[in-house]
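Trainee: File structure_31.pdb below, PDB, C-alpha atoms (C1' of nucleotides):
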```pdb
ATOM      1  CA  MET A  20       9.304  29.213  84.128
ATOM      2  CA  ALA A  21      12.069  30.888  82.197
ATOM      3  CA  GLU A  22      14.472  29.510  84.730
ATOM      4  CA  ALA A  23      13.083  26.034  84.444
ATOM      5  CA  THR A  24      13.659  26.155  80.717
ATOM      6  CA  LEU A  25      17.192  27.354  81.232
ATOM      7  CA  ILE A  26      17.945  24.567  83.644
ATOM      8  CA  ARG A  27      16.513  21.892  81.418
ATOM      9  CA  ASN A  28      18.525  23.084  78.446
ATOM     10  CA  GLN A  29      21.721  23.028  80.425
ATOM     11  CA  ALA A  30      21.038  19.464  81.430
ATOM     12  CA  GLU A  31      20.506  18.558  77.793
ATOM     13  CA  GLU A  32      23.724  20.237  76.837
ATOM     14  CA  VAL A  33      25.763  18.347  79.413
ATOM     15  CA  LYS A  34      24.339  15.118  78.112
ATOM     16  CA  ALA A  35      25.056  16.075  74.522
ATOM     17  CA  LEU A  36      28.592  16.908  75.564
ATOM     18  CA  GLN A  37      28.981  13.619  77.378
ATOM     19  CA  ASP A  38      27.610  11.684  74.408
ATOM     20  CA  THR A  39      30.156  13.299  72.142
ATOM     21  CA  ILE A  40      32.981  12.583  74.547
ATOM     22  CA  TYR A  41      31.861   8.981  74.645
ATOM     23  CA  VAL A  42      31.839   8.635  70.872
ATOM     24  CA  ILE A  43      35.195  10.238  70.150
ATOM     25  CA  GLY A  44      36.864   9.235  73.411
ATOM     26  CA  GLY A  45      40.409   7.980  73.570
ATOM     27  CA  LYS A  46      43.630   9.122  71.995
ATOM     28  CA  TRP A  47      43.171   7.980  68.427
ATOM     29  CA  LYS A  48      39.697   8.373  66.926
ATOM     30  CA  LEU A  49      39.935  12.060  66.112
ATOM     31  CA  PRO A  50      43.471  11.891  64.708
ATOM     32  CA  ILE A  51      42.409   8.996  62.497
ATOM     33  CA  ILE A  52      39.299  10.778  61.288
ATOM     34  CA  ASN A  53      41.393  13.833  60.618
ATOM     35  CA  SER A  54      43.960  11.836  58.682
ATOM     36  CA  ILE A  55      41.411  10.123  56.484
ATOM     37  CA  CYS A  56      39.484  13.335  55.887
ATOM     38  CA  ASN A  57      42.793  14.838  54.788
ATOM     39  CA  GLY A  58      42.942  12.298  52.026
ATOM     40  CA  ASN A  59      45.127   9.569  53.452
ATOM     41  CA  LYS A  60      43.795   6.287  52.141
ATOM     42  CA  ARG A  61      46.300   3.544  52.807
ATOM     43  CA  PHE A  62      46.971   1.830  56.105
ATOM     44  CA  ARG A  63      50.660   2.675  56.346
ATOM     45  CA  GLN A  64      50.002   6.155  55.076
ATOM     46  CA  ILE A  65      47.502   6.794  57.839
ATOM     47  CA  GLU A  66      49.824   5.166  60.329
ATOM     48  CA  ARG A  67      52.741   7.371  59.368
ATOM     49  CA  SER A  68      50.594  10.474  59.506
ATOM     50  CA  ILE A  69      49.798   9.955  63.186
ATOM     51  CA  PRO A  70      52.810  10.172  65.485
ATOM     52  CA  GLY A  71      52.860   7.523  68.164
ATOM     53  CA  ILE A  72      50.118   5.240  66.955
ATOM     54  CA  THR A  73      50.822   1.522  66.691
ATOM     55  CA  THR A  74      49.556  -0.864  64.040
ATOM     56  CA  ARG A  75      47.533  -2.583  66.677
ATOM     57  CA  MET A  76      45.639   0.509  67.754
ATOM     58  CA  LEU A  77      45.140   1.724  64.209
ATOM     59  CA  SER A  78      43.825  -1.668  63.181
ATOM     60  CA  ARG A  79      41.426  -1.841  66.081
ATOM     61  CA  GLU A  80      40.095   1.645  65.642
ATOM     62  CA  LEU A  81      39.657   1.316  61.888
ATOM     63  CA  LYS A  82      37.646  -1.843  62.388
ATOM     64  CA  GLU A  83      35.405  -0.199  64.933
ATOM     65  CA  MET A  84      35.023   2.913  62.803
ATOM     66  CA  GLU A  85      34.047   0.809  59.825
ATOM     67  CA  MET A  86      31.356  -0.911  61.888
ATOM     68  CA  ASN A  87      30.068   2.463  62.981
ATOM     69  CA  LYS A  88      29.899   3.654  59.360
ATOM     70  CA  LEU A  89      32.502   6.322  59.949
ATOM     71  CA  ILE A  90      34.686   5.069  57.146
ATOM     72  CA  LYS A  91      34.431   2.858  54.102
ATOM     73  CA  ARG A  92      36.963   0.122  53.497
ATOM     74  CA  THR A  93      37.559  -1.097  49.986
ATOM     75  CA  VAL A  94      39.761  -4.011  48.978
ATOM     76  CA  TYR A  95      41.243  -4.217  45.504
ATOM     77  CA  PRO A  96      42.334  -7.841  45.282
ATOM     78  CA  ASP A  97      45.313  -7.425  43.020
ATOM     79  CA  SER A  98      48.578  -8.711  44.318
ATOM     80  CA  PRO A  99      49.854  -7.299  46.460
ATOM     81  CA  VAL A 100      46.443  -6.599  47.891
ATOM     82  CA  LEU A 101      45.459  -2.951  47.937
ATOM     83  CA  VAL A 102      43.185  -1.545  50.623
ATOM     84  CA  GLU A 103      41.728   1.931  50.703
ATOM     85  CA  TYR A 104      39.906   3.795  53.419
ATOM     86  CA  GLU A 105      37.566   6.652  52.708
ATOM     87  CA  SER A 106      35.633   8.993  54.917
ATOM     88  CA  THR A 107      31.860   8.910  54.861
ATOM     89  CA  PRO A 108      29.640  11.993  55.166
ATOM     90  CA  TYR A 109      29.039  10.996  58.775
ATOM     91  CA  CYS A 110      32.760  11.107  59.381
ATOM     92  CA  LYS A 111      32.857  14.677  58.190
ATOM     93  CA  THR A 112      30.392  15.826  60.831
ATOM     94  CA  PHE A 113      33.325  15.869  63.235
ATOM     95  CA  GLY A 114      34.995  18.582  61.216
ATOM     96  CA  ASN A 115      34.038  21.462  63.449
ATOM     97  CA  ILE A 116      35.223  19.711  66.565
ATOM     98  CA  ILE A 117      38.537  18.814  64.993
ATOM     99  CA  LEU A 118      39.077  22.322  63.674
ATOM    100  CA  ALA A 119      38.294  23.835  67.058
ATOM    101  CA  MET A 120      40.739  21.470  68.685
ATOM    102  CA  ILE A 121      43.504  22.158  66.183
ATOM    103  CA  ASP A 122      42.994  25.863  66.738
ATOM    104  CA  TRP A 123      43.191  25.453  70.455
ATOM    105  CA  GLY A 124      46.342  23.349  70.178
ATOM    106  CA  LYS A 125      48.056  25.986  68.065
ATOM    107  CA  GLU A 126      47.126  28.803  70.411
ATOM    108  CA  HIS A 127      48.196  26.743  73.359
ATOM    109  CA  LYS A 128      51.604  26.184  71.798
ATOM    110  CA  LYS A 129      52.070  29.923  71.310
ATOM    111  CA  TYR A 130      50.999  30.461  74.888
ATOM    112  CA  ILE A 131      53.503  27.946  76.200
ATOM    113  CA  GLN A 132      56.291  29.451  74.133
ATOM    114  CA  GLU A 133      55.598  32.966  75.351
ATOM    115  CA  GLU A 134      55.953  31.747  78.903
ATOM    116  CA  ASN A 135      59.633  30.929  78.344
TER
ATOM    117  CA  MET B  13      57.731  23.020  47.568
ATOM    118  CA  ALA B  14      54.085  23.758  47.856
ATOM    119  CA  GLU B  15      53.585  20.143  48.715
ATOM    120  CA  ALA B  16      56.320  20.168  51.313
ATOM    121  CA  THR B  17      54.599  23.106  52.975
ATOM    122  CA  LEU B  18      51.291  21.302  52.854
ATOM    123  CA  ILE B  19      52.755  18.208  54.397
ATOM    124  CA  ARG B  20      54.506  20.102  57.132
ATOM    125  CA  ASN B  21      51.358  21.967  58.040
ATOM    126  CA  GLN B  22      49.394  18.773  58.260
ATOM    127  CA  ALA B  23      51.990  17.345  60.599
ATOM    128  CA  GLU B  24      51.686  20.440  62.771
ATOM    129  CA  GLU B  25      47.953  20.114  62.820
ATOM    130  CA  VAL B  26      48.025  16.508  63.934
ATOM    131  CA  LYS B  27      50.309  17.469  66.763
ATOM    132  CA  ALA B  28      48.121  20.376  67.752
ATOM    133  CA  LEU B  29      45.163  18.024  67.746
ATOM    134  CA  GLN B  30      47.012  15.492  69.853
ATOM    135  CA  ASP B  31      48.102  18.165  72.322
ATOM    136  CA  THR B  32      44.528  19.247  72.777
ATOM    137  CA  ILE B  33      43.349  15.696  73.264
ATOM    138  CA  TYR B  34      46.011  15.259  75.875
ATOM    139  CA  VAL B  35      44.986  18.346  77.801
ATOM    140  CA  ILE B  36      41.244  17.727  77.853
ATOM    141  CA  GLY B  37      41.411  13.947  77.825
ATOM    142  CA  GLY B  38      39.187  11.783  79.959
ATOM    143  CA  LYS B  39      35.508  11.844  80.695
ATOM    144  CA  TRP B  40      35.274  14.765  83.059
ATOM    145  CA  LYS B  41      37.406  17.802  82.275
ATOM    146  CA  LEU B  42      35.201  19.293  79.614
ATOM    147  CA  PRO B  43      31.942  18.727  81.491
ATOM    148  CA  ILE B  44      33.470  20.365  84.555
ATOM    149  CA  ILE B  45      34.763  23.327  82.586
ATOM    150  CA  ASN B  46      31.364  23.644  80.995
ATOM    151  CA  SER B  47      29.604  23.540  84.321
ATOM    152  CA  ILE B  48      31.800  26.176  85.918
ATOM    153  CA  CYS B  49      31.627  28.401  82.859
ATOM    154  CA  ASN B  50      27.859  28.105  83.137
ATOM    155  CA  GLY B  51      28.054  29.718  86.523
ATOM    156  CA  ASN B  52      28.046  26.792  88.909
ATOM    157  CA  LYS B  53      30.283  27.683  91.794
ATOM    158  CA  ARG B  54      29.771  25.243  94.619
ATOM    159  CA  PHE B  55      31.100  21.707  94.843
ATOM    160  CA  ARG B  56      27.772  19.949  95.215
ATOM    161  CA  GLN B  57      26.237  22.203  92.627
ATOM    162  CA  ILE B  58      28.861  21.254  90.076
ATOM    163  CA  GLU B  59      28.568  17.629  91.102
ATOM    164  CA  ARG B  60      24.808  17.588  90.617
ATOM    165  CA  SER B  61      25.118  19.293  87.246
ATOM    166  CA  ILE B  62      27.206  16.464  85.822
ATOM    167  CA  PRO B  63      25.395  13.124  85.604
ATOM    168  CA  GLY B  64      27.487  10.182  86.669
ATOM    169  CA  ILE B  65      30.425  11.943  88.226
ATOM    170  CA  THR B  66      31.550  10.880  91.698
ATOM    171  CA  THR B  67      32.836  13.141  94.447
ATOM    172  CA  ARG B  68      36.192  11.466  94.097
ATOM    173  CA  MET B  69      36.616  12.252  90.431
ATOM    174  CA  LEU B  70      35.284  15.769  90.808
ATOM    175  CA  SER B  71      37.638  16.415  93.689
ATOM    176  CA  ARG B  72      40.638  15.098  91.796
ATOM    177  CA  GLU B  73      39.902  16.991  88.628
ATOM    178  CA  LEU B  74      39.193  20.249  90.401
ATOM    179  CA  LYS B  75      42.510  20.006  92.192
ATOM    180  CA  GLU B  76      44.375  19.387  88.984
ATOM    181  CA  MET B  77      42.504  22.128  87.174
ATOM    182  CA  GLU B  78      43.350  24.559  89.918
ATOM    183  CA  MET B  79      47.028  23.687  89.606
ATOM    184  CA  ASN B  80      46.821  24.255  85.876
ATOM    185  CA  LYS B  81      45.202  27.661  86.396
ATOM    186  CA  LEU B  82      41.996  26.583  84.736
ATOM    187  CA  ILE B  83      39.926  27.577  87.724
ATOM    188  CA  LYS B  84      40.210  29.669  90.824
ATOM    189  CA  ARG B  85      39.255  28.280  94.196
ATOM    190  CA  THR B  86      38.227  30.610  96.969
ATOM    191  CA  VAL B  87      37.488  29.677 100.551
ATOM    192  CA  TYR B  88      35.232  31.819 102.715
ATOM    193  CA  PRO B  89      36.009  30.550 106.210
ATOM    194  CA  ASP B  90      32.662  31.128 107.797
ATOM    195  CA  SER B  91      31.040  28.168 109.351
ATOM    196  CA  PRO B  92      29.982  26.119 107.633
ATOM    197  CA  VAL B  93      32.887  26.733 105.311
ATOM    198  CA  LEU B  94      31.975  28.093 101.913
ATOM    199  CA  VAL B  95      34.030  27.293  98.853
ATOM    200  CA  GLU B  96      33.604  28.797  95.434
ATOM    201  CA  TYR B  97      35.058  27.852  92.096
ATOM    202  CA  GLU B  98      35.386  30.308  89.254
ATOM    203  CA  SER B  99      36.541  29.968  85.701
ATOM    204  CA  THR B 100      39.651  31.833  84.584
ATOM    205  CA  PRO B 101      40.085  33.412  81.151
ATOM    206  CA  TYR B 102      42.223  30.425  80.213
ATOM    207  CA  CYS B 103      39.313  28.159  81.041
ATOM    208  CA  LYS B 104      37.160  30.014  78.587
ATOM    209  CA  THR B 105      39.475  29.270  75.678
ATOM    210  CA  PHE B 106      37.832  25.856  75.559
ATOM    211  CA  GLY B 107      34.514  27.434  74.690
ATOM    212  CA  ASN B 108      34.624  26.733  70.970
ATOM    213  CA  ILE B 109      35.511  23.103  71.471
ATOM    214  CA  ILE B 110      32.726  22.623  73.976
ATOM    215  CA  LEU B 111      30.176  24.341  71.780
ATOM    216  CA  ALA B 112      31.184  22.250  68.782
ATOM    217  CA  MET B 113      30.849  19.117  70.848
ATOM    218  CA  ILE B 114      27.463  20.074  72.252
ATOM    219  CA  ASP B 115      26.288  20.771  68.726
ATOM    220  CA  TRP B 116      27.523  17.440  67.517
ATOM    221  CA  GLY B 117      25.880  15.636  70.397
ATOM    222  CA  LYS B 118      22.523  17.247  69.661
ATOM    223  CA  GLU B 119      22.705  16.428  65.967
ATOM    224  CA  HIS B 120      23.776  12.925  66.775
ATOM    225  CA  LYS B 121      20.761  12.459  68.984
ATOM    226  CA  LYS B 122      18.424  13.570  66.210
ATOM    227  CA  TYR B 123      20.213  11.221  63.849
ATOM    228  CA  ILE B 124      19.794   8.280  66.207
ATOM    229  CA  GLN B 125      16.122   9.057  66.736
ATOM    230  CA  GLU B 126      15.410   9.242  63.019
ATOM    231  CA  GLU B 127      16.853   5.771  62.583
ATOM    232  CA  ASN B 128      14.054   4.231  64.692
TER
ATOM    233  C1'  DC C   6      51.771  -3.694  52.139
ATOM    234  C1'  DA C   7      47.975  -4.659  55.587
ATOM    235  C1'  DG C   8      47.266  -6.276  59.291
ATOM    236  C1'  DG C   9      46.748 -10.402  63.248
ATOM    237  C1'  DA C  10      48.318 -12.658  67.626
ATOM    238  C1'  DT C  11      50.215 -12.315  72.225
ATOM    239  C1'  DC C  12      51.584 -10.599  76.249
ATOM    240  C1'  DC C  13      51.716  -6.990  79.551
ATOM    241  C1'  DT C  14      50.840  -2.733  82.408
ATOM    242  C1'  DG C  15      49.194   1.802  84.252
ATOM    243  C1'  DT C  16      45.846   4.241  85.388
ATOM    244  C1'  DA C  17      41.374   6.267  84.699
ATOM    245  C1'  DG C  18      37.590   5.612  86.918
ATOM    246  C1'  DG C  19      34.002   3.255  90.014
ATOM    247  C1'  DA C  20      32.064   1.932  94.821
ATOM    248  C1'  DT C  21      31.703   2.804  99.402
ATOM    249  C1'  DA C  22      32.449   4.699 103.738
ATOM    250  C1'  DC C  23      34.000   8.388 106.586
ATOM    251  C1'  DT C  24      35.286  13.428 108.519
ATOM    252  C1'  DG C  25      35.285  18.388 110.104
TER
ATOM    253  C1'  DC D   5      28.539  21.308 102.822
ATOM    254  C1'  DA D   6      33.148  19.999 100.899
ATOM    255  C1'  DG D   7      35.630  17.008 100.489
ATOM    256  C1'  DT D   8      39.374  12.337 101.991
ATOM    257  C1'  DA D   9      40.524   7.702 102.321
ATOM    258  C1'  DT D  10      40.564   2.937 100.671
ATOM    259  C1'  DC D  11      40.019  -0.583  97.855
ATOM    260  C1'  DC D  12      39.399  -2.482  93.395
ATOM    261  C1'  DT D  13      39.441  -3.607  88.364
ATOM    262  C1'  DA D  14      38.488  -3.260  83.447
ATOM    263  C1'  DC D  15      40.419  -1.895  79.643
ATOM    264  C1'  DA D  16      42.919   1.514  76.794
ATOM    265  C1'  DG D  17      47.038   1.326  75.077
ATOM    266  C1'  DG D  18      52.077  -0.163  74.437
ATOM    267  C1'  DA D  19      55.762  -3.578  72.751
ATOM    268  C1'  DT D  20      57.049  -7.144  69.872
ATOM    269  C1'  DC D  21      56.857 -10.592  66.646
ATOM    270  C1'  DC D  22      54.508 -12.919  62.884
ATOM    271  C1'  DT D  23      51.878 -13.827  58.292
ATOM    272  C1'  DG D  24      49.911 -13.861  53.488
TER
END
```
Let me see the file written as structure tokens.
Mentor:
Amino acid sequence: MAEATLIRNQAEEVKALQDTIYVIGGKWKLPIINSICNGNKRFRQIERSIPGITTRMLSRELKEMEMNKLIKRTVYPDSPVLVEYESTPYCKTFGNIILAMIDWGKEHKKYIQEEN
Amino acid sequence: MAEATLIRNQAEEVKALQDTIYVIGGKWKLPIINSICNGNKRFRQIERSIPGITTRMLSRELKEMEMNKLIKRTVYPDSPVLVEYESTPYCKTFGNIILAMIDWGKEHKKYIQEEN
DNA sequence: CAGGATCCTGTAGGATACTG
DNA sequence: CAGTATCCTACAGGATCCTG
């Protein structure tokens, strides 16, 4: 009985893990979330803050993230047009994951350097 | 000066984040690490513990993870042959990330359910 | 500045069958 | 049980140029 409970919980945890991987999968979603949560609001600003990303990928991901209510897009129709992206509360729920991953990346870098 | 420091640190953090994404990228690495850290040792056991994975993907990932010292593979040449996988200390450094992602997945599920 | 439009490619990943 | 071997393809992602 205790074992059955243990097994069922593990199954739930794998699924939770897989759900999360599905949602934040790919190379760009987390870096973009991180950038916007760090206060970057403008398209080019976000773009420049993420090494390697192209306008095409950033554009695509931002659109998808707006649909999924991860970010809010506001247009100020002056000329030239001004567009601002903001994080939503939902967006911030990824904070712990991002922090854990930044930590790991830093430790990993130390580890690699010590090897040489 | 303070700002320059801030900016530089943010750049480092993005890179750390991107490094981590690179290392654990794809659908399967984290679930496999999780499974092995949970005590699953045998190939079929690991396979059954991860919904959706195929023998091909599990085989490939295990091989790569062994090369990268994430796991240890031991063969007991009785017949039928017995093979056991174990997590290394390095493997366990992903613990925080996995826990954060499991947490997020569980919360996300609640959130989805409340919507209906 | 904020993107859209096109074109292109590698490879992650799936399906299926087979072996010692 | 513990994998290999093939075959296949969708799509993530890159490169480049263009527009209001």
Trainee: To one decimal in Å, tell me the separation between atom CA of A:Asp122 and atom CA of B:Glu24.
Mentor: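 Distance between the two atoms: 11.0 Å.
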Trainee: Please return the centre and edge lengths, in Å to one decimal, of a box with edges along x, y and z that contains all listed atoms of stretch 41-53 of chain B, widened by 3 Å on every side, as AutoDock Vina command-line options.
Mentor:
```
--center_x 32.6 --center_y 23.8 --center_z 85.7 --size_x 15.5 --size_y 17.9 --size_z 18.2
```
Trainee: Mind running stretch 77-130 of chain A against stretch 25-40 of chain B at 7 Å and telling me each contacting residue's nearest atom pair with the distance in Å (one decimal), counting only C-alpha atoms, chain and number ascending, as JSON lines?
Mentor:
```
{"residue": "A:Met120", "atom": "CA", "partner": "B:Leu29", "partner_atom": "CA", "distance": 5.7}
{"residue": "A:Ile121", "atom": "CA", "partner": "B:Leu29", "partner_atom": "CA", "distance": 4.7}
{"residue": "A:Trp123", "atom": "CA", "partner": "B:Thr32", "partner_atom": "CA", "distance": 6.8}
{"residue": "A:Gly124", "atom": "CA", "partner": "B:Ala28", "partner_atom": "CA", "distance": 4.2}
{"residue": "A:Lys125", "atom": "CA", "partner": "B:Ala28", "partner_atom": "CA", "distance": 5.6}
```
Trainee: Give the superposed chain B as a JSON list (two decimals) with C-alpha atoms, keeping the file's coordinate frame, the fit being least squares on chain A over all ordered C-alpha pairs.
Mentor:
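Output contents, as saved in result-v1.json:
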```
[["chain", "number", "residue", "atom", "x", "y", "z"],
["B", 13, "MET", "CA", 9.44, 29.15, 84.21],
["B", 14, "ALA", "CA", 12.16, 30.84, 82.28],
["B", 15, "GLU", "CA", 14.58, 29.45, 84.78],
["B", 16, "ALA", "CA", 13.17, 25.96, 84.51],
["B", 17, "THR", "CA", 13.70, 26.12, 80.77],
["B", 18, "LEU", "CA", 17.22, 27.36, 81.27],
["B", 19, "ILE", "CA", 18.01, 24.58, 83.67],
["B", 20, "ARG", "CA", 16.55, 21.92, 81.45],
["B", 21, "ASN", "CA", 18.51, 23.13, 78.47],
["B", 22, "GLN", "CA", 21.72, 23.08, 80.42],
["B", 23, "ALA", "CA", 21.04, 19.51, 81.44],
["B", 24, "GLU", "CA", 20.50, 18.61, 77.80],
["B", 25, "GLU", "CA", 23.72, 20.27, 76.84],
["B", 26, "VAL", "CA", 25.75, 18.40, 79.41],
["B", 27, "LYS", "CA", 24.33, 15.16, 78.11],
["B", 28, "ALA", "CA", 25.04, 16.11, 74.53],
["B", 29, "LEU", "CA", 28.58, 16.94, 75.55],
["B", 30, "GLN", "CA", 28.97, 13.65, 77.36],
["B", 31, "ASP", "CA", 27.58, 11.72, 74.39],
["B", 32, "THR", "CA", 30.13, 13.32, 72.13],
["B", 33, "ILE", "CA", 32.95, 12.59, 74.52],
["B", 34, "TYR", "CA", 31.83, 9.01, 74.61],
["B", 35, "VAL", "CA", 31.80, 8.65, 70.84],
["B", 36, "ILE", "CA", 35.17, 10.25, 70.13],
["B", 37, "GLY", "CA", 36.84, 9.24, 73.37],
["B", 38, "GLY", "CA", 40.38, 7.96, 73.54],
["B", 39, "LYS", "CA", 43.59, 9.12, 71.98],
["B", 40, "TRP", "CA", 43.14, 7.98, 68.42],
["B", 41, "LYS", "CA", 39.68, 8.39, 66.90],
["B", 42, "LEU", "CA", 39.91, 12.06, 66.10],
["B", 43, "PRO", "CA", 43.45, 11.90, 64.70],
["B", 44, "ILE", "CA", 42.40, 9.00, 62.49],
["B", 45, "ILE", "CA", 39.29, 10.78, 61.27],
["B", 46, "ASN", "CA", 41.40, 13.83, 60.60],
["B", 47, "SER", "CA", 43.95, 11.85, 58.67],
["B", 48, "ILE", "CA", 41.41, 10.12, 56.47],
["B", 49, "CYS", "CA", 39.50, 13.33, 55.88],
["B", 50, "ASN", "CA", 42.80, 14.83, 54.79],
["B", 51, "GLY", "CA", 42.96, 12.29, 52.02],
["B", 52, "ASN", "CA", 45.14, 9.55, 53.44],
["B", 53, "LYS", "CA", 43.81, 6.28, 52.15],
["B", 54, "ARG", "CA", 46.31, 3.54, 52.81],
["B", 55, "PHE", "CA", 46.99, 1.82, 56.11],
["B", 56, "ARG", "CA", 50.67, 2.66, 56.35],
["B", 57, "GLN", "CA", 50.01, 6.14, 55.09],
["B", 58, "ILE", "CA", 47.51, 6.79, 57.84],
["B", 59, "GLU", "CA", 49.82, 5.15, 60.35],
["B", 60, "ARG", "CA", 52.75, 7.35, 59.38],
["B", 61, "SER", "CA", 50.59, 10.47, 59.51],
["B", 62, "ILE", "CA", 49.79, 9.95, 63.19],
["B", 63, "PRO", "CA", 52.80, 10.16, 65.50],
["B", 64, "GLY", "CA", 52.85, 7.52, 68.19],
["B", 65, "ILE", "CA", 50.11, 5.25, 66.98],
["B", 66, "THR", "CA", 50.82, 1.52, 66.72],
["B", 67, "THR", "CA", 49.56, -0.83, 64.04],
["B", 68, "ARG", "CA", 47.52, -2.57, 66.68],
["B", 69, "MET", "CA", 45.62, 0.51, 67.76],
["B", 70, "LEU", "CA", 45.13, 1.72, 64.21],
["B", 71, "SER", "CA", 43.83, -1.67, 63.17],
["B", 72, "ARG", "CA", 41.40, -1.85, 66.07],
["B", 73, "GLU", "CA", 40.08, 1.64, 65.62],
["B", 74, "LEU", "CA", 39.66, 1.31, 61.89],
["B", 75, "LYS", "CA", 37.65, -1.84, 62.38],
["B", 76, "GLU", "CA", 35.39, -0.20, 64.90],
["B", 77, "MET", "CA", 35.02, 2.91, 62.78],
["B", 78, "GLU", "CA", 34.04, 0.81, 59.82],
["B", 79, "MET", "CA", 31.36, -0.91, 61.87],
["B", 80, "ASN", "CA", 30.06, 2.47, 62.96],
["B", 81, "LYS", "CA", 29.91, 3.67, 59.34],
["B", 82, "LEU", "CA", 32.51, 6.33, 59.94],
["B", 83, "ILE", "CA", 34.68, 5.06, 57.13],
["B", 84, "LYS", "CA", 34.44, 2.84, 54.12],
["B", 85, "ARG", "CA", 36.97, 0.11, 53.50],
["B", 86, "THR", "CA", 37.58, -1.14, 50.01],
["B", 87, "VAL", "CA", 39.78, -4.03, 48.99],
["B", 88, "TYR", "CA", 41.29, -4.23, 45.52],
["B", 89, "PRO", "CA", 42.39, -7.86, 45.32],
["B", 90, "ASP", "CA", 45.35, -7.45, 43.06],
["B", 91, "SER", "CA", 48.60, -8.72, 44.34],
["B", 92, "PRO", "CA", 49.89, -7.29, 46.47],
["B", 93, "VAL", "CA", 46.48, -6.57, 47.91],
["B", 94, "LEU", "CA", 45.48, -2.94, 47.95],
["B", 95, "VAL", "CA", 43.20, -1.55, 50.62],
["B", 96, "GLU", "CA", 41.73, 1.91, 50.71],
["B", 97, "TYR", "CA", 39.93, 3.78, 53.42],
["B", 98, "GLU", "CA", 37.57, 6.63, 52.70],
["B", 99, "SER", "CA", 35.65, 8.98, 54.91],
["B", 100, "THR", "CA", 31.85, 8.90, 54.83],
["B", 101, "PRO", "CA", 29.64, 11.98, 55.14],
["B", 102, "TYR", "CA", 29.03, 10.99, 58.75],
["B", 103, "CYS", "CA", 32.76, 11.12, 59.36],
["B", 104, "LYS", "CA", 32.83, 14.68, 58.17],
["B", 105, "THR", "CA", 30.37, 15.83, 60.81],
["B", 106, "PHE", "CA", 33.31, 15.86, 63.20],
["B", 107, "GLY", "CA", 34.98, 18.57, 61.18],
["B", 108, "ASN", "CA", 34.03, 21.47, 63.43],
["B", 109, "ILE", "CA", 35.22, 19.71, 66.54],
["B", 110, "ILE", "CA", 38.52, 18.82, 64.96],
["B", 111, "LEU", "CA", 39.07, 22.32, 63.65],
["B", 112, "ALA", "CA", 38.29, 23.83, 67.03],
["B", 113, "MET", "CA", 40.73, 21.47, 68.66],
["B", 114, "ILE", "CA", 43.49, 22.15, 66.15],
["B", 115, "ASP", "CA", 42.98, 25.85, 66.72],
["B", 116, "TRP", "CA", 43.19, 25.44, 70.44],
["B", 117, "GLY", "CA", 46.32, 23.35, 70.17],
["B", 118, "LYS", "CA", 48.05, 25.98, 68.06],
["B", 119, "GLU", "CA", 47.11, 28.80, 70.41],
["B", 120, "HIS", "CA", 48.17, 26.72, 73.35],
["B", 121, "LYS", "CA", 51.57, 26.19, 71.80],
["B", 122, "LYS", "CA", 52.05, 29.92, 71.32],
["B", 123, "TYR", "CA", 50.96, 30.46, 74.90],
["B", 124, "ILE", "CA", 53.47, 27.94, 76.21],
["B", 125, "GLN", "CA", 56.27, 29.45, 74.14],
["B", 126, "GLU", "CA", 55.57, 32.96, 75.38],
["B", 127, "GLU", "CA", 55.91, 31.76, 78.95],
["B", 128, "ASN", "CA", 59.62, 30.94, 78.42]]
```
Trainee: Please provide as a list in words all residues within 9 Å of stretch 6-22 of chain C, with the sequence filter that same-chain residues fewer than 2 positions apart are discarded (counting all atoms listed in the file).
Mentor: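 With the cut-off at 9 Å, the set is Arg61, Phe62, Arg63, Thr74, Arg75, Ser78, Pro99, Val100, Leu101 and Val102 of chain A; Gly38, Thr66 and Met69 of chain B; DA9, DT10, DC11, DC12, DT13, DG18, DA19, DT20, DC21, DC22 and DT23 of chain D.
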Trainee: Work out how far apart atom CA of B:Thr105 and atom CA of B:Cys49 are and give it in Å to one decimal.
Mentor: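 Between these atoms lies a distance of 10.7 Å.
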Trainee: Which distance in Å separates atom CA of B:Lys81 and atom CA of B:Cys103, to one decimal?
Mentor: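 Spanning atom CA of B:Lys81 to atom CA of B:Cys103 is a straight-line distance of 8.0 Å.
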Trainee: Restricting the calculation to all atoms listed in the file: of B:Asp90, B:Glu119, B:Glu98, B:Glu78, which residue gets closest to chain D?
Mentor: B:Asp90
Trainee: For this structure, which residues satisfy the selection - the PyMOL selection byres ((chain C and resi 24) around 9) - when it is evaluated on the file as given? I want them as a list in words.
Mentor: DC23 and DG25 of chain C; DG7 and DT8 of chain D
Trainee: From the options B:Asn108, B:Thr100, B:Asn128, B:Thr86, which residue's atoms come nearest to chain A, counting only C-alpha atoms?
Mentor: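 Of B:Asn108, B:Thr100, B:Asn128, B:Thr86, the one nearest chain A is B:Asn108, counting only C-alpha atoms.
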Trainee: Return the single residue from B:Ile62, B:Met77, B:Leu70, B:Ile109 that is closest to chain D, with distances computed using only C-alpha atoms (C1' of nucleotides).
Mentor: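 Result for the nearest residue to chain D: B:Leu70.
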Trainee: Quick one: of A:Ile117, A:Met86, A:Val94, A:Ile72, who's nearest to chain D, counting all atoms listed in the file?
Mentor: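 Ranking A:Ile117, A:Met86, A:Val94, A:Ile72 by distance to chain D, first place goes to A:Ile72.
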Trainee: Quick one: residues within 10 Å of A:Tyr109, all atoms listed in the file, excluding same-chain residues fewer than 6 positions away - as a ChimeraX atom specification?
Mentor: /A:87-90 /B:120
Trainee: Pick out the closest residue to chain A from this set: B:Ile45, B:Ile58, B:Ala112, B:Leu74. Count all atoms listed in the file.
Mentor: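 Using all atoms listed in the file, the shortest distance to chain A belongs to B:Ala112.
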